file structure11.pdb (PDB, C-alpha atoms)
ATOM      1  CA  MET A   1     -35.497 -28.209 -12.457
ATOM      2  CA  ALA A   2     -33.395 -30.413 -14.704
ATOM      3  CA  ALA A   3     -34.705 -31.421 -18.108
ATOM      4  CA  ASN A   4     -35.889 -35.013 -18.342
ATOM      5  CA  SER A   5     -33.996 -36.492 -21.280
ATOM      6  CA  SER A   6     -36.213 -39.590 -21.282
ATOM      7  CA  ALA A   7     -39.446 -37.591 -21.678
ATOM      8  CA  THR A   8     -41.541 -38.406 -24.720
ATOM      9  CA  ARG A   9     -40.977 -35.841 -27.447
ATOM     10  CA  VAL A  10     -44.179 -33.948 -28.241
ATOM     11  CA  VAL A  11     -44.549 -31.836 -31.387
ATOM     12  CA  ILE A  12     -47.186 -29.513 -32.794
ATOM     13  CA  THR A  13     -48.171 -30.810 -36.221
ATOM     14  CA  GLY A  14     -50.922 -28.411 -37.265
ATOM     15  CA  LEU A  15     -52.130 -24.901 -36.540
ATOM     16  CA  GLY A  16     -55.457 -23.114 -36.780
ATOM     17  CA  ALA A  17     -56.500 -19.575 -35.886
ATOM     18  CA  ILE A  18     -59.790 -17.724 -35.676
ATOM     19  CA  THR A  19     -58.804 -14.344 -34.215
ATOM     20  CA  PRO A  20     -59.493 -10.619 -34.472
ATOM     21  CA  ALA A  21     -56.187 -10.335 -36.361
ATOM     22  CA  GLY A  22     -57.121 -12.949 -38.970
ATOM     23  CA  ILE A  23     -59.291 -16.010 -39.455
ATOM     24  CA  ASP A  24     -56.552 -18.294 -40.695
ATOM     25  CA  VAL A  25     -52.962 -18.846 -39.605
ATOM     26  CA  ASP A  26     -51.327 -17.114 -42.587
ATOM     27  CA  THR A  27     -53.417 -13.938 -42.283
ATOM     28  CA  TYR A  28     -53.059 -13.903 -38.508
ATOM     29  CA  TRP A  29     -49.272 -14.247 -38.688
ATOM     30  CA  LYS A  30     -48.930 -11.659 -41.467
ATOM     31  CA  ASN A  31     -50.999  -9.143 -39.489
ATOM     32  CA  LEU A  32     -49.267  -9.951 -36.210
ATOM     33  CA  THR A  33     -45.760  -9.522 -37.619
ATOM     34  CA  GLY A  34     -46.807  -6.566 -39.777
ATOM     35  CA  GLY A  35     -48.185  -4.544 -36.883
ATOM     36  CA  VAL A  36     -51.792  -4.744 -38.111
ATOM     37  CA  SER A  37     -54.086  -4.567 -35.105
ATOM     38  CA  GLY A  38     -57.191  -6.674 -34.649
ATOM     39  CA  ILE A  39     -58.669  -3.985 -32.403
ATOM     40  CA  GLY A  40     -61.414  -1.775 -33.790
ATOM     41  CA  PRO A  41     -64.765  -0.153 -33.029
ATOM     42  CA  ILE A  42     -67.215  -2.428 -31.209
ATOM     43  CA  THR A  43     -69.909  -3.652 -33.607
ATOM     44  CA  ARG A  44     -71.408  -6.744 -31.944
ATOM     45  CA  CYS A  45     -73.193  -4.766 -29.223
ATOM     46  CA  ASP A  46     -74.039  -1.163 -28.383
ATOM     47  CA  PRO A  47     -71.057   0.265 -26.480
ATOM     48  CA  SER A  48     -72.596   3.710 -25.888
ATOM     49  CA  ASP A  49     -72.917   3.151 -22.113
ATOM     50  CA  PHE A  50     -69.290   2.080 -21.773
ATOM     51  CA  PRO A  51     -66.191   4.277 -21.590
ATOM     52  CA  CYS A  52     -64.335   1.930 -23.955
ATOM     53  CA  LYS A  53     -65.671   1.723 -27.496
ATOM     54  CA  VAL A  54     -63.082  -0.623 -29.024
ATOM     55  CA  ALA A  55     -62.444  -4.360 -28.804
ATOM     56  CA  GLY A  56     -60.890  -7.262 -30.639
ATOM     57  CA  GLU A  57     -63.794  -8.733 -32.603
ATOM     58  CA  VAL A  58     -63.591 -11.640 -35.022
ATOM     59  CA  LEU A  59     -64.896 -10.223 -38.297
ATOM     60  CA  ASP A  60     -65.817 -11.976 -41.555
ATOM     61  CA  PHE A  61     -66.158 -15.371 -39.864
ATOM     62  CA  GLU A  62     -68.585 -17.726 -41.595
ATOM     63  CA  PRO A  63     -69.174 -20.907 -39.563
ATOM     64  CA  GLY A  64     -70.502 -22.624 -42.692
ATOM     65  CA  ASP A  65     -67.012 -22.490 -44.196
ATOM     66  CA  TYR A  66     -65.924 -25.074 -41.609
ATOM     67  CA  ILE A  67     -69.028 -26.641 -40.096
ATOM     68  CA  GLU A  68     -72.208 -28.089 -41.557
ATOM     69  CA  ARG A  69     -74.797 -25.302 -41.261
ATOM     70  CA  LYS A  70     -77.265 -27.348 -39.221
ATOM     71  CA  ALA A  71     -74.541 -28.290 -36.743
ATOM     72  CA  ALA A  72     -73.277 -24.685 -36.586
ATOM     73  CA  ARG A  73     -76.739 -23.442 -35.570
ATOM     74  CA  ARG A  74     -76.555 -25.751 -32.560
ATOM     75  CA  MET A  75     -73.277 -24.222 -31.369
ATOM     76  CA  ALA A  76     -72.442 -21.042 -29.510
ATOM     77  CA  ARG A  77     -69.989 -18.711 -31.225
ATOM     78  CA  PHE A  78     -67.053 -19.741 -29.002
ATOM     79  CA  THR A  79     -67.682 -23.372 -29.956
ATOM     80  CA  GLN A  80     -67.833 -22.455 -33.644
ATOM     81  CA  PHE A  81     -64.452 -20.736 -33.278
ATOM     82  CA  MET A  82     -62.928 -23.857 -31.710
ATOM     83  CA  VAL A  83     -64.389 -26.277 -34.247
ATOM     84  CA  ALA A  84     -63.257 -24.035 -37.125
ATOM     85  CA  SER A  85     -59.722 -23.546 -35.801
ATOM     86  CA  ALA A  86     -59.498 -27.286 -35.070
ATOM     87  CA  ALA A  87     -60.546 -27.982 -38.674
ATOM     88  CA  GLN A  88     -57.733 -25.727 -39.882
ATOM     89  CA  ALA A  89     -55.234 -27.440 -37.571
ATOM     90  CA  VAL A  90     -56.333 -30.944 -38.580
ATOM     91  CA  THR A  91     -55.996 -30.034 -42.268
ATOM     92  CA  ASP A  92     -52.628 -28.373 -41.643
ATOM     93  CA  SER A  93     -51.348 -31.441 -39.786
ATOM     94  CA  GLY A  94     -52.284 -33.867 -42.546
ATOM     95  CA  ILE A  95     -53.362 -36.373 -39.898
ATOM     96  CA  ASP A  96     -55.411 -39.319 -41.112
ATOM     97  CA  PHE A  97     -57.683 -40.253 -38.227
ATOM     98  CA  ASP A  98     -58.639 -43.460 -40.032
ATOM     99  CA  ALA A  99     -55.025 -44.613 -39.807
ATOM    100  CA  ILE A 100     -54.796 -44.255 -36.021
ATOM    101  CA  ASP A 101     -56.727 -45.421 -32.968
ATOM    102  CA  ARG A 102     -59.338 -42.727 -32.300
ATOM    103  CA  ASP A 103     -59.588 -44.011 -28.721
ATOM    104  CA  ARG A 104     -56.047 -42.648 -28.280
ATOM    105  CA  VAL A 105     -56.763 -39.174 -29.689
ATOM    106  CA  GLY A 106     -57.918 -36.634 -27.126
ATOM    107  CA  VAL A 107     -59.310 -33.135 -27.137
ATOM    108  CA  LEU A 108     -58.329 -30.560 -24.525
ATOM    109  CA  VAL A 109     -59.729 -27.044 -24.873
ATOM    110  CA  GLY A 110     -59.315 -23.933 -22.772
ATOM    111  CA  ASN A 111     -61.798 -21.092 -22.533
ATOM    112  CA  GLY A 112     -62.652 -18.254 -20.220
ATOM    113  CA  GLY A 113     -66.061 -19.545 -19.276
ATOM    114  CA  GLY A 114     -68.111 -20.500 -22.294
ATOM    115  CA  GLY A 115     -71.216 -18.924 -23.710
ATOM    116  CA  TYR A 116     -71.535 -15.703 -21.733
ATOM    117  CA  PRO A 117     -73.368 -13.831 -24.516
ATOM    118  CA  LEU A 118     -75.919 -16.658 -24.657
ATOM    119  CA  ILE A 119     -76.352 -16.578 -20.897
ATOM    120  CA  GLN A 120     -77.149 -12.877 -21.119
ATOM    121  CA  GLU A 121     -79.638 -13.512 -23.944
ATOM    122  CA  GLY A 122     -81.238 -16.297 -21.908
ATOM    123  CA  VAL A 123     -81.692 -14.096 -18.852
ATOM    124  CA  GLU A 124     -83.245 -11.382 -21.022
ATOM    125  CA  THR A 125     -85.606 -13.920 -22.613
ATOM    126  CA  ILE A 126     -86.682 -15.274 -19.222
ATOM    127  CA  LEU A 127     -87.306 -11.776 -17.853
ATOM    128  CA  GLU A 128     -89.198 -10.605 -20.934
ATOM    129  CA  ARG A 129     -91.068 -13.720 -22.093
ATOM    130  CA  GLY A 130     -90.685 -16.471 -19.503
ATOM    131  CA  GLY A 131     -88.460 -19.526 -19.258
ATOM    132  CA  MET A 132     -90.511 -21.684 -21.606
ATOM    133  CA  LYS A 133     -89.493 -19.428 -24.504
ATOM    134  CA  LEU A 134     -85.830 -20.455 -24.316
ATOM    135  CA  ASP A 135     -84.284 -22.347 -27.205
ATOM    136  CA  PRO A 136     -84.163 -26.054 -26.213
ATOM    137  CA  LEU A 137     -80.446 -25.990 -27.019
ATOM    138  CA  TYR A 138     -79.855 -22.984 -24.774
ATOM    139  CA  PHE A 139     -78.237 -24.830 -21.880
ATOM    140  CA  PRO A 140     -75.981 -27.135 -23.914
ATOM    141  CA  LYS A 141     -74.782 -24.162 -25.976
ATOM    142  CA  THR A 142     -73.677 -22.233 -22.874
ATOM    143  CA  LEU A 143     -71.522 -24.970 -21.344
ATOM    144  CA  GLY A 144     -67.778 -24.351 -21.520
ATOM    145  CA  ASN A 145     -67.030 -27.993 -22.321
ATOM    146  CA  MET A 146     -69.135 -27.943 -25.495
ATOM    147  CA  ALA A 147     -66.239 -26.633 -27.599
ATOM    148  CA  GLY A 148     -64.134 -29.720 -26.916
ATOM    149  CA  ALA A 149     -67.133 -32.014 -27.138
ATOM    150  CA  GLN A 150     -68.038 -30.673 -30.580
ATOM    151  CA  VAL A 151     -64.460 -31.076 -31.843
ATOM    152  CA  ALA A 152     -64.531 -34.694 -30.663
ATOM    153  CA  LEU A 153     -67.899 -35.254 -32.358
ATOM    154  CA  GLN A 154     -66.687 -33.733 -35.639
ATOM    155  CA  TYR A 155     -63.850 -36.270 -35.895
ATOM    156  CA  ASN A 156     -65.232 -39.127 -33.767
ATOM    157  CA  LEU A 157     -62.333 -38.751 -31.339
ATOM    158  CA  ARG A 158     -62.888 -41.014 -28.353
ATOM    159  CA  GLY A 159     -59.839 -40.348 -26.195
ATOM    160  CA  TYR A 160     -59.532 -38.066 -23.193
ATOM    161  CA  ASN A 161     -61.765 -34.996 -23.468
ATOM    162  CA  GLY A 162     -61.422 -32.078 -21.097
ATOM    163  CA  THR A 163     -61.902 -28.371 -20.682
ATOM    164  CA  ILE A 164     -59.666 -25.926 -18.839
ATOM    165  CA  VAL A 165     -61.348 -22.767 -17.525
ATOM    166  CA  THR A 166     -58.627 -20.464 -16.216
ATOM    167  CA  ALA A 167     -59.535 -17.111 -17.761
ATOM    168  CA  CYS A 168     -56.953 -15.719 -20.190
ATOM    169  CA  ALA A 169     -54.450 -18.502 -19.458
ATOM    170  CA  ALA A 170     -56.851 -21.297 -20.433
ATOM    171  CA  GLY A 171     -55.646 -21.921 -23.989
ATOM    172  CA  THR A 172     -51.987 -21.979 -22.998
ATOM    173  CA  GLN A 173     -52.722 -24.247 -20.051
ATOM    174  CA  ALA A 174     -54.726 -26.599 -22.293
ATOM    175  CA  ILE A 175     -51.783 -26.903 -24.694
ATOM    176  CA  GLY A 176     -49.418 -27.639 -21.807
ATOM    177  CA  GLU A 177     -51.726 -30.221 -20.293
ATOM    178  CA  ALA A 178     -52.255 -31.826 -23.712
ATOM    179  CA  MET A 179     -48.490 -32.256 -23.899
ATOM    180  CA  MET A 180     -48.580 -33.952 -20.494
ATOM    181  CA  LEU A 181     -51.338 -36.345 -21.649
ATOM    182  CA  ILE A 182     -49.047 -37.494 -24.456
ATOM    183  CA  ARG A 183     -45.940 -37.627 -22.259
ATOM    184  CA  HIS A 184     -47.725 -39.730 -19.642
ATOM    185  CA  GLY A 185     -49.059 -42.157 -22.249
ATOM    186  CA  ARG A 186     -52.731 -41.242 -21.898
ATOM    187  CA  ALA A 187     -52.992 -40.158 -25.550
ATOM    188  CA  ASP A 188     -51.077 -40.515 -28.806
ATOM    189  CA  ALA A 189     -52.358 -37.191 -30.153
ATOM    190  CA  VAL A 190     -54.447 -34.331 -28.776
ATOM    191  CA  VAL A 191     -56.392 -31.616 -30.579
ATOM    192  CA  THR A 192     -55.884 -28.636 -28.278
ATOM    193  CA  GLY A 193     -56.115 -24.873 -28.046
ATOM    194  CA  GLY A 194     -58.282 -22.117 -26.681
ATOM    195  CA  CYS A 195     -61.443 -20.285 -27.649
ATOM    196  CA  GLU A 196     -63.641 -17.465 -26.424
ATOM    197  CA  ALA A 197     -66.310 -15.166 -27.803
ATOM    198  CA  GLY A 198     -67.509 -12.350 -25.571
TER     199      GLY A 198
END
call {"tool": "encode", "arguments": {"input": "structure11.pdb", "output": "structure tokens"}}
result
Amino acid sequence: MAANSSATRVVITGLGAITPAGIDVDTYWKNLTGGVSGIGPITRCDPSDFPCKVAGEVLDFEPGDYIERKAARRMARFTQFMVASAAQAVTDSGIDFDAIDRDRVGVLVGNGGGGYPLIQEGVETILERGGMKLDPLYFPKTLGNMAGAQVALQYNLRGYNGTIVTACAAGTQAIGEAMMLIRHGRADAVVTGGCEAG
């Protein structure tokens, strides 16, 4: 396929990273290029019944460093990761949302499925104590599209908002589709990326 020389040029202006290899871009890149693994013993659940006892866990992440504490309590962990990494990317970009039309700024997020750990907790709660004991925010927290919705709410972004759920390819696909939104004139800027928390 020939390159389209008339295509709108799209650039990445800011980066953010909340990962097992580092919870900011500089640390992540230093560890990635230095051969420092983000894989370690599983600590967030009891792995004794599983043959594998290691995973890539995000350690030392404090949602309150990026998100108002009350708002963070209303978010699943995968959503907190997206809002925090978006905050890093917005700061890194230097974008001034007050200087542009927020109706033309979109959010496109990819994830593997959303709040699976919360779904498990909810099922356990229902089985042990009954459905009326669920947190009223249980269902909104589990939805895969909440990560993008919360990013849009944080910055009052009113453009296109979507979620890509294509397993491990979701973040990459979201970035590619965000580029297409800009190229096709549906947005002037898009906050995009991927998030997951198993």
call {"tool": "residues_around", "arguments": {"input": "structure11.pdb", "residues": "region 58-73 of chain A", "least_positions_apart": "2", "cutoff": "8 Å", "atoms": "only C-alpha atoms", "output": "VMD selection string"}}
result
chain A and resid 18 to 23 56 75 to 76 80 to 81 83 to 84 87
call {"tool": "axis_aligned_box", "arguments": {"input": "structure11.pdb", "around": "region 181-193 of chain A", "padding_each_side": "4 Å", "output": "AutoDock Vina command-line options"}}
result
--center_x -51.2 --center_y -33.5 --center_z -25.1 --size_x 18.5 --size_y 25.3 --size_z 18.9
call {"tool": "closest_residue", "arguments": {"input": "structure11.pdb", "among": "A:Gly198, A:Asn156, A:Ala169, A:Leu137", "to": "Gln120 (chain A)", "atoms": "only C-alpha atoms"}}
result
A:Gly198
call {"tool": "closest_residue", "arguments": {"input": "structure11.pdb", "among": "A:Glu57, A:Asp49, A:Asp98, A:Asp26", "to": "Tyr155 (chain A)", "atoms": "all atoms listed in the file"}}
result
A:Asp98
call {"tool": "closest_residue", "arguments": {"input": "structure11.pdb", "among": "A:Val190, A:Ile12, A:Gly115, A:Glu121", "to": "Ser93 (chain A)", "atoms": "only C-alpha atoms"}}
result
A:Ile12
call {"tool": "atom_distance", "arguments": {"input": "structure11.pdb", "atom1": "CA of Gly113 (chain A)", "atom2": "CA of Thr125 (chain A)"}}
result
20.6 Å
call {"tool": "atom_distance", "arguments": {"input": "structure11.pdb", "atom1": "CA of Ala86 (chain A)", "atom2": "CA of Val54 (chain A)"}}
result
27.6 Å
call {"tool": "resolve_selection", "arguments": {"input": "structure11.pdb", "expression": "the PyMOL selection byres ((chain A and resi 170) around 12)", "output": "VMD selection string"}}
result
chain A and resid 108 to 114 144 162 to 169 171 to 178 192 to 196
call {"tool": "atom_distance", "arguments": {"input": "structure11.pdb", "atom1": "CA of Val105 (chain A)", "atom2": "CA of Asn145 (chain A)"}}
result
16.9 Å
call {"tool": "closest_residue", "arguments": {"input": "structure11.pdb", "among": "A:Leu143, A:Leu134, A:Ala17, A:Leu153", "to": "Val107 (chain A)", "atoms": "all atoms listed in the file"}}
result
A:Leu153
